[in-house]
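**Student:** For reference, this is model.cif, and it has mmCIF, C-alpha atoms and all ligand atoms.
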data_input
#
loop_
_atom_site.group_PDB
_atom_site.id
_atom_site.type_symbol
_atom_site.label_atom_id
_atom_site.label_comp_id
_atom_site.auth_asym_id
_atom_site.auth_seq_id
_atom_site.Cartn_x
_atom_site.Cartn_y
_atom_site.Cartn_z
ATOM 1 C CA MET A 1 43.784 111.235 309.038
ATOM 2 C CA SER A 2 41.621 113.233 311.390
ATOM 3 C CA ASN A 3 39.067 110.425 311.896
ATOM 4 C CA SER A 4 41.555 107.575 311.932
ATOM 5 C CA ILE A 5 43.577 106.273 314.816
ATOM 6 C CA LEU A 6 47.257 105.761 314.169
ATOM 7 C CA MET A 7 48.933 102.830 315.882
ATOM 8 C CA ILE A 8 52.660 102.094 315.910
ATOM 9 C CA LEU A 9 53.834 98.526 316.590
ATOM 10 C CA ILE A 10 57.402 97.274 316.900
ATOM 11 C CA LYS A 11 58.016 93.829 315.419
ATOM 12 C CA PRO A 12 60.911 91.509 314.553
ATOM 13 C CA TRP A 13 61.644 91.052 310.854
ATOM 14 C CA SER A 14 59.997 87.617 310.795
ATOM 15 C CA GLN A 15 56.667 89.325 311.563
ATOM 16 C CA ALA A 16 57.302 92.695 309.889
ATOM 17 C CA LEU A 17 58.489 91.398 306.527
ATOM 18 C CA THR A 18 55.139 90.909 304.808
ATOM 19 C CA GLU A 19 53.997 94.446 305.650
ATOM 20 C CA ALA A 20 57.256 96.410 305.629
ATOM 21 C CA LEU A 21 58.681 95.048 302.407
ATOM 22 C CA PRO A 22 55.813 96.128 300.096
ATOM 23 C CA ILE A 23 56.004 99.654 301.564
ATOM 24 C CA ARG A 24 59.773 99.848 301.178
ATOM 25 C CA THR A 25 59.505 98.510 297.623
ATOM 26 C CA THR A 26 56.826 101.073 296.706
ATOM 27 C CA VAL A 27 58.718 103.999 298.227
ATOM 28 C CA PHE A 28 62.398 103.221 297.634
ATOM 29 C CA VAL A 29 62.348 101.036 294.513
ATOM 30 C CA HIS A 30 59.374 102.377 292.543
ATOM 31 C CA GLU A 31 59.236 105.990 293.738
ATOM 32 C CA GLN A 32 62.938 106.726 294.305
ATOM 33 C CA GLY A 33 64.513 104.301 291.812
ATOM 34 C CA VAL A 34 66.733 102.423 294.300
ATOM 35 C CA SER A 35 67.731 99.020 292.963
ATOM 36 C CA PRO A 36 65.824 96.152 294.628
ATOM 37 C CA GLU A 37 69.080 94.341 295.556
ATOM 38 C CA LEU A 38 70.169 97.340 297.651
ATOM 39 C CA GLU A 39 66.834 97.589 299.405
ATOM 40 C CA LEU A 40 67.136 94.374 301.422
ATOM 41 C CA ASP A 41 70.303 93.818 303.424
ATOM 42 C CA GLU A 42 71.726 91.603 306.127
ATOM 43 C CA PHE A 43 70.687 94.018 308.918
ATOM 44 C CA ASP A 44 66.938 93.459 308.569
ATOM 45 C CA ALA A 45 66.985 90.108 310.364
ATOM 46 C CA ALA A 46 68.408 91.503 313.621
ATOM 47 C CA ALA A 47 66.730 94.936 313.420
ATOM 48 C CA GLU A 48 63.539 95.992 315.169
ATOM 49 C CA HIS A 49 60.917 97.304 312.792
ATOM 50 C CA ALA A 50 58.350 99.981 313.570
ATOM 51 C CA LEU A 51 55.124 99.693 311.586
ATOM 52 C CA ALA A 52 52.453 102.409 311.390
ATOM 53 C CA TYR A 53 48.840 101.298 311.016
ATOM 54 C CA ILE A 54 45.705 103.198 310.188
ATOM 55 C CA GLY A 55 43.034 100.675 311.048
ATOM 56 C CA SER A 56 44.368 97.396 309.683
ATOM 57 C CA GLN A 57 46.369 99.019 306.886
ATOM 58 C CA CYS A 58 50.102 99.351 307.295
ATOM 59 C CA VAL A 59 51.124 102.737 305.842
ATOM 60 C CA GLY A 60 54.685 103.269 307.034
ATOM 61 C CA THR A 61 57.786 101.579 308.363
ATOM 62 C CA ALA A 62 61.278 102.231 309.756
ATOM 63 C CA ARG A 63 63.922 100.106 311.447
ATOM 64 C CA LEU A 64 66.369 100.290 314.352
ATOM 65 C CA ILE A 65 69.681 98.452 314.245
ATOM 66 C CA GLN A 66 71.659 98.046 317.449
ATOM 67 C CA ARG A 67 75.236 98.287 316.186
ATOM 68 C CA THR A 68 78.213 96.478 317.651
ATOM 69 C CA ASP A 69 79.605 99.850 318.848
ATOM 70 C CA GLY A 70 76.466 100.298 320.978
ATOM 71 C CA LYS A 71 74.947 103.026 318.826
ATOM 72 C CA GLY A 72 71.458 102.813 317.384
ATOM 73 C CA GLN A 73 71.050 103.261 313.666
ATOM 74 C CA ILE A 74 67.622 104.224 312.370
ATOM 75 C CA GLY A 75 66.829 103.820 308.703
ATOM 76 C CA ARG A 76 64.587 102.525 305.928
ATOM 77 C CA MET A 77 62.052 105.157 306.942
ATOM 78 C CA ALA A 78 59.165 105.104 304.467
ATOM 79 C CA VAL A 79 55.581 106.354 304.570
ATOM 80 C CA LEU A 80 53.228 105.746 301.628
ATOM 81 C CA ILE A 81 52.983 108.997 299.674
ATOM 82 C CA GLU A 82 49.254 109.527 300.279
ATOM 83 C CA TYR A 83 49.799 109.387 304.054
ATOM 84 C CA ARG A 84 52.735 111.811 304.333
ATOM 85 C CA LYS A 85 52.880 115.142 306.160
ATOM 86 C CA GLN A 86 50.506 113.976 308.871
ATOM 87 C CA GLY A 87 53.179 113.245 311.469
ATOM 88 C CA ILE A 88 53.385 109.492 310.800
ATOM 89 C CA GLY A 89 57.110 109.579 309.966
ATOM 90 C CA SER A 90 57.839 111.493 313.173
ATOM 91 C CA GLN A 91 55.828 109.019 315.237
ATOM 92 C CA LEU A 92 57.602 106.026 313.700
ATOM 93 C CA PHE A 93 60.845 107.718 314.519
ATOM 94 C CA ASN A 94 59.957 108.529 318.100
ATOM 95 C CA ALA A 95 58.777 104.948 318.681
ATOM 96 C CA LEU A 96 62.195 103.649 317.596
ATOM 97 C CA LEU A 97 64.041 106.241 319.687
ATOM 98 C CA GLU A 98 62.008 105.164 322.697
ATOM 99 C CA GLN A 99 62.661 101.495 321.933
ATOM 100 C CA GLY A 100 66.393 102.234 321.711
ATOM 101 C CA ARG A 101 66.357 104.284 324.886
ATOM 102 C CA SER A 102 64.653 101.414 326.738
ATOM 103 C CA LYS A 103 67.609 99.224 325.782
ATOM 104 C CA GLY A 104 70.123 101.764 327.044
ATOM 105 C CA ILE A 105 71.065 103.237 323.667
ATOM 106 C CA VAL A 106 71.972 106.900 324.081
ATOM 107 C CA GLU A 107 73.589 107.682 320.744
ATOM 108 C CA PHE A 108 71.758 107.352 317.438
ATOM 109 C CA GLU A 109 73.024 107.762 313.918
ATOM 110 C CA LEU A 110 71.341 107.775 310.554
ATOM 111 C CA HIS A 111 72.151 108.268 306.905
ATOM 112 C CA SER A 112 69.793 110.995 305.792
ATOM 113 C CA GLN A 113 68.897 111.739 302.241
ATOM 114 C CA VAL A 114 69.983 115.365 301.842
ATOM 115 C CA LEU A 115 66.400 116.443 301.107
ATOM 116 C CA ALA A 116 65.223 114.878 304.366
ATOM 117 C CA ILE A 117 67.794 116.667 306.596
ATOM 118 C CA PRO A 118 65.290 119.321 307.824
ATOM 119 C CA PHE A 119 62.895 116.504 308.822
ATOM 120 C CA TYR A 120 65.553 114.864 311.033
ATOM 121 C CA GLU A 121 66.780 118.220 312.383
ATOM 122 C CA ARG A 122 63.291 118.800 313.717
ATOM 123 C CA LEU A 123 63.572 115.446 315.511
ATOM 124 C CA GLY A 124 66.782 116.623 317.207
ATOM 125 C CA PHE A 125 69.475 115.236 314.886
ATOM 126 C CA THR A 126 72.569 117.201 313.807
ATOM 127 C CA PRO A 127 74.283 116.766 310.411
ATOM 128 C CA GLN A 128 77.854 115.514 310.567
ATOM 129 C CA GLY A 129 80.601 115.192 307.951
ATOM 130 C CA GLU A 130 80.506 115.321 304.196
ATOM 131 C CA ILE A 131 77.718 114.598 301.729
ATOM 132 C CA TYR A 132 78.204 111.224 299.966
ATOM 133 C CA GLU A 133 76.250 109.033 297.587
ATOM 134 C CA GLU A 134 74.362 105.941 298.737
ATOM 135 C CA ALA A 135 72.083 103.942 296.437
ATOM 136 C CA GLY A 136 72.516 106.747 293.879
ATOM 137 C CA ILE A 137 71.055 109.400 296.223
ATOM 138 C CA PRO A 138 73.029 112.174 298.055
ATOM 139 C CA HIS A 139 73.183 111.446 301.802
ATOM 140 C CA ARG A 140 74.709 112.950 304.931
ATOM 141 C CA ASN A 141 75.227 111.342 308.334
ATOM 142 C CA MET A 142 73.261 112.747 311.261
ATOM 143 C CA ILE A 143 73.620 112.066 314.982
ATOM 144 C CA LEU A 144 71.578 112.430 318.150
ATOM 145 C CA ILE A 145 72.921 111.973 321.675
ATOM 146 C CA LEU A 146 70.165 111.617 324.284
ATOM 147 C CA LYS A 147 70.622 113.665 327.430
HETATM 148 C C1 LIG A 201 60.685 110.813 305.190
HETATM 149 C C2 LIG A 201 59.228 110.386 305.376
HETATM 150 C C3 LIG A 201 59.227 108.998 305.969
HETATM 151 C C4 LIG A 201 58.518 111.351 306.325
HETATM 152 O O1 LIG A 201 57.220 110.849 306.560
HETATM 153 P P1 LIG A 201 56.011 111.816 306.972
HETATM 154 O O2 LIG A 201 54.957 110.932 307.525
HETATM 155 O O3 LIG A 201 55.650 112.701 305.850
HETATM 156 O O4 LIG A 201 56.703 112.660 308.135
HETATM 157 P P2 LIG A 201 56.048 113.807 309.026
HETATM 158 O O5 LIG A 201 54.655 114.060 308.609
HETATM 159 O O6 LIG A 201 56.316 113.450 310.442
HETATM 160 O O7 LIG A 201 56.982 115.062 308.672
HETATM 161 C C5 LIG A 201 56.940 115.570 307.369
HETATM 162 C C6 LIG A 201 57.863 116.763 307.238
HETATM 163 O O8 LIG A 201 59.196 116.361 306.875
HETATM 164 C C7 LIG A 201 59.536 116.922 305.580
HETATM 165 N N1 LIG A 201 60.259 115.897 304.806
HETATM 166 C C8 LIG A 201 60.434 114.638 305.141
HETATM 167 N N2 LIG A 201 61.133 113.990 304.190
HETATM 168 C C9 LIG A 201 61.401 114.857 303.254
HETATM 169 C C10 LIG A 201 62.078 114.776 302.032
HETATM 170 N N3 LIG A 201 62.644 113.627 301.606
HETATM 171 N N4 LIG A 201 62.159 115.855 301.294
HETATM 172 C C11 LIG A 201 61.601 116.991 301.712
HETATM 173 N N5 LIG A 201 60.947 117.138 302.878
HETATM 174 C C12 LIG A 201 60.846 116.077 303.636
HETATM 175 C C13 LIG A 201 58.212 117.217 304.951
HETATM 176 O O9 LIG A 201 58.330 118.234 304.004
HETATM 177 C C14 LIG A 201 57.358 117.641 306.132
HETATM 178 O O10 LIG A 201 57.639 118.978 306.467
HETATM 179 P P3 LIG A 201 56.445 120.013 306.760
HETATM 180 O O11 LIG A 201 55.657 119.413 307.889
HETATM 181 O O12 LIG A 201 57.143 121.271 307.094
HETATM 182 O O13 LIG A 201 55.678 120.078 305.502
HETATM 183 C C15 LIG A 201 58.460 110.395 304.017
HETATM 184 O O14 LIG A 201 58.551 111.689 303.447
HETATM 185 C C16 LIG A 201 58.958 109.378 303.008
HETATM 186 O O15 LIG A 201 58.583 108.206 303.053
HETATM 187 N N6 LIG A 201 59.808 109.835 302.070
HETATM 188 C C17 LIG A 201 60.330 108.963 301.053
HETATM 189 C C18 LIG A 201 61.378 108.041 301.621
HETATM 190 C C19 LIG A 201 62.512 108.823 302.246
HETATM 191 O O16 LIG A 201 62.992 109.796 301.687
HETATM 192 N N7 LIG A 201 62.945 108.338 303.418
HETATM 193 C C20 LIG A 201 63.978 108.978 304.181
HETATM 194 C C21 LIG A 201 65.261 108.399 303.836
HETATM 195 S S1 LIG A 201 66.555 109.225 304.728
#
Spell out the structure here as structure tokens.
**Tutor:**
Amino acid sequence: MSNSILMILIKPWSQALTEALPIRTTVFVHEQGVSPELELDEFDAAAEHALAYIGSQCVGTARLIQRTDGKGQIGRMAVLIEYRKQGIGSQLFNALLEQGRSKGIVEFELHSQVLAIPFYERLGFTPQGEIYEEAGIPHRNMILILK
């Protein structure tokens, strides 16, 4: 990625759908074996979606849900496999944290795949509670309270 400029845009689902959905399908359905019916849910419509672009190509996505209890929930974080480990996931994440912060959200929660816990710990999240199964994959809740 050294010669390419990364750009992160935040879009509503109506505009994000055509770019985010193919990435989520590639990563969650084809790579991780999640069933396609579980991939889309009722939260997409109201969520804000961060999209990572290298040039005109969308290579990653994540979403922020503002929950009724006031907390922000970040999820559906996916970067195409050939673009991983270059900081794109972290930048998507930070863009959504900033977006949440600008709306007054101070507490964030996410359902982390157990293998991804170290990734979220580096972003400041703390694991909480038991490990459970979601979409056939072991998960654990993680929280971050902004100071
Ligand atoms: C999670 C994900 C979005 C991170 O994207 P990324 O662009 O690679 O993120 P970054 O480059 O900012 O950080 C990568 C670091 O997180 C670690 N990491 C992230 N997800 C991981 C996972 N599922 N398993 C193991 N390590 C993971 C990487 O090993 C890497 O660590 P390193 O720098 O010490 O090598 C990407 O790995 C992905 O799409 N994974 C598949 C989907 C997924 O598991 N989503 C998370 C659901 S909770």
**Student:** Using only C-alpha atoms, can you tell me which of A:Asn94, A:Gln113, A:Asn141, A:Thr126 comes closest to Leu9 (chain A)?
**Tutor:**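 Residue with the minimum atom-to-atom distance to Leu9 (chain A): A:Asn94.
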**Student:** As a quick test: using all atoms listed in the file, which residues lie no more than 6 Å away from ligand LIG 201 (chain A)? Give them as a PDB file with C-alpha atoms, in the frame of the given file.
**Tutor:**
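File written: pocket-v5.pdb
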ATOM      1  CA  VAL A  27      58.718 103.999 298.227  1.00  0.00           C
ATOM      2  CA  MET A  77      62.052 105.157 306.942  1.00  0.00           C
ATOM      3  CA  ALA A  78      59.165 105.104 304.467  1.00  0.00           C
ATOM      4  CA  VAL A  79      55.581 106.354 304.570  1.00  0.00           C
ATOM      5  CA  ARG A  84      52.735 111.811 304.333  1.00  0.00           C
ATOM      6  CA  LYS A  85      52.880 115.142 306.160  1.00  0.00           C
ATOM      7  CA  GLN A  86      50.506 113.976 308.871  1.00  0.00           C
ATOM      8  CA  GLY A  87      53.179 113.245 311.469  1.00  0.00           C
ATOM      9  CA  ILE A  88      53.385 109.492 310.800  1.00  0.00           C
ATOM     10  CA  GLY A  89      57.110 109.579 309.966  1.00  0.00           C
ATOM     11  CA  SER A  90      57.839 111.493 313.173  1.00  0.00           C
ATOM     12  CA  SER A 112      69.793 110.995 305.792  1.00  0.00           C
ATOM     13  CA  GLN A 113      68.897 111.739 302.241  1.00  0.00           C
ATOM     14  CA  LEU A 115      66.400 116.443 301.107  1.00  0.00           C
ATOM     15  CA  ALA A 116      65.223 114.878 304.366  1.00  0.00           C
ATOM     16  CA  PHE A 119      62.895 116.504 308.822  1.00  0.00           C
TER      17      PHE A 119
END
**Student:** Using all atoms listed in the file, determine which residues lie at most 8 Å from Glu39 (chain A), disregarding the query and same-chain residues fewer than 5 positions distant; provide the list as a list in words.
**Tutor:**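 Selected residues are Arg24, Thr25, Phe28, Val29 and Val34 of chain A.
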**Student:** Would you list the residues near (53.6, 102.7, 315.3), meaning any protein, DNA or RNA residue with an atom at most 8 Å from that point in file coordinates, counting all atoms listed in the file, as a list in words?
**Tutor:**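 Those residues, ordered by chain and then number, are Leu6, Met7, Ile8, Leu9, Ile10, Ala50, Leu51, Ala52, Tyr53, Gln91, Leu92 and Ala95 of chain A.
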**Student:** Find, counting all atoms listed in the file, the residue in A:Trp13, A:Tyr120, A:Gly72, A:His139 that gets nearest to Glu42 (chain A).
**Tutor:**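 Of all the options, A:Trp13 lies closest to Glu42 (chain A).
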**Student:** Please list as a PyMOL selection string every residue within 10 Å of Leu17 (chain A), counting only C-alpha atoms and excluding residues in the same chain fewer than 4 positions away.
**Tutor:** chain A and resi 11-13+21-23+44-45+49
**Student:** Nearest to Glu133 (chain A) among A:Leu97, A:Ile65, A:Leu38, A:Val114, with distances taken over all atoms listed in the file: which residue is it?
**Tutor:**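 Once distances to Glu133 (chain A) are computed over all atoms listed in the file, the minimum belongs to A:Val114.
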**Student:** How would you write, as a CSV table (one decimal) with C-alpha atoms, in the frame of the given file, the residues chosen by the PyMOL selection byres (((chain A and resi 128) around 12) and not hetatm) on this structure?
**Tutor:**
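The new file out_11.csv reads:
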chain,number,residue,atom,x,y,z
A,109,GLU,CA,73.0,107.8,313.9
A,110,LEU,CA,71.3,107.8,310.6
A,111,HIS,CA,72.2,108.3,306.9
A,112,SER,CA,69.8,111.0,305.8
A,114,VAL,CA,70.0,115.4,301.8
A,117,ILE,CA,67.8,116.7,306.6
A,121,GLU,CA,66.8,118.2,312.4
A,125,PHE,CA,69.5,115.2,314.9
A,126,THR,CA,72.6,117.2,313.8
A,127,PRO,CA,74.3,116.8,310.4
A,129,GLY,CA,80.6,115.2,308.0
A,130,GLU,CA,80.5,115.3,304.2
A,131,ILE,CA,77.7,114.6,301.7
A,132,TYR,CA,78.2,111.2,300.0
A,139,HIS,CA,73.2,111.4,301.8
A,140,ARG,CA,74.7,113.0,304.9
A,141,ASN,CA,75.2,111.3,308.3
A,142,MET,CA,73.3,112.7,311.3
A,143,ILE,CA,73.6,112.1,315.0
A,144,LEU,CA,71.6,112.4,318.2
**Student:** Starting from the shown file, work through the PyMOL selection byres (((chain A and resi 64) around 7) and not hetatm) and note down what comes out as a PyMOL selection string.
**Tutor:** chain A and resi 47-49+63+65-66+72-75+96
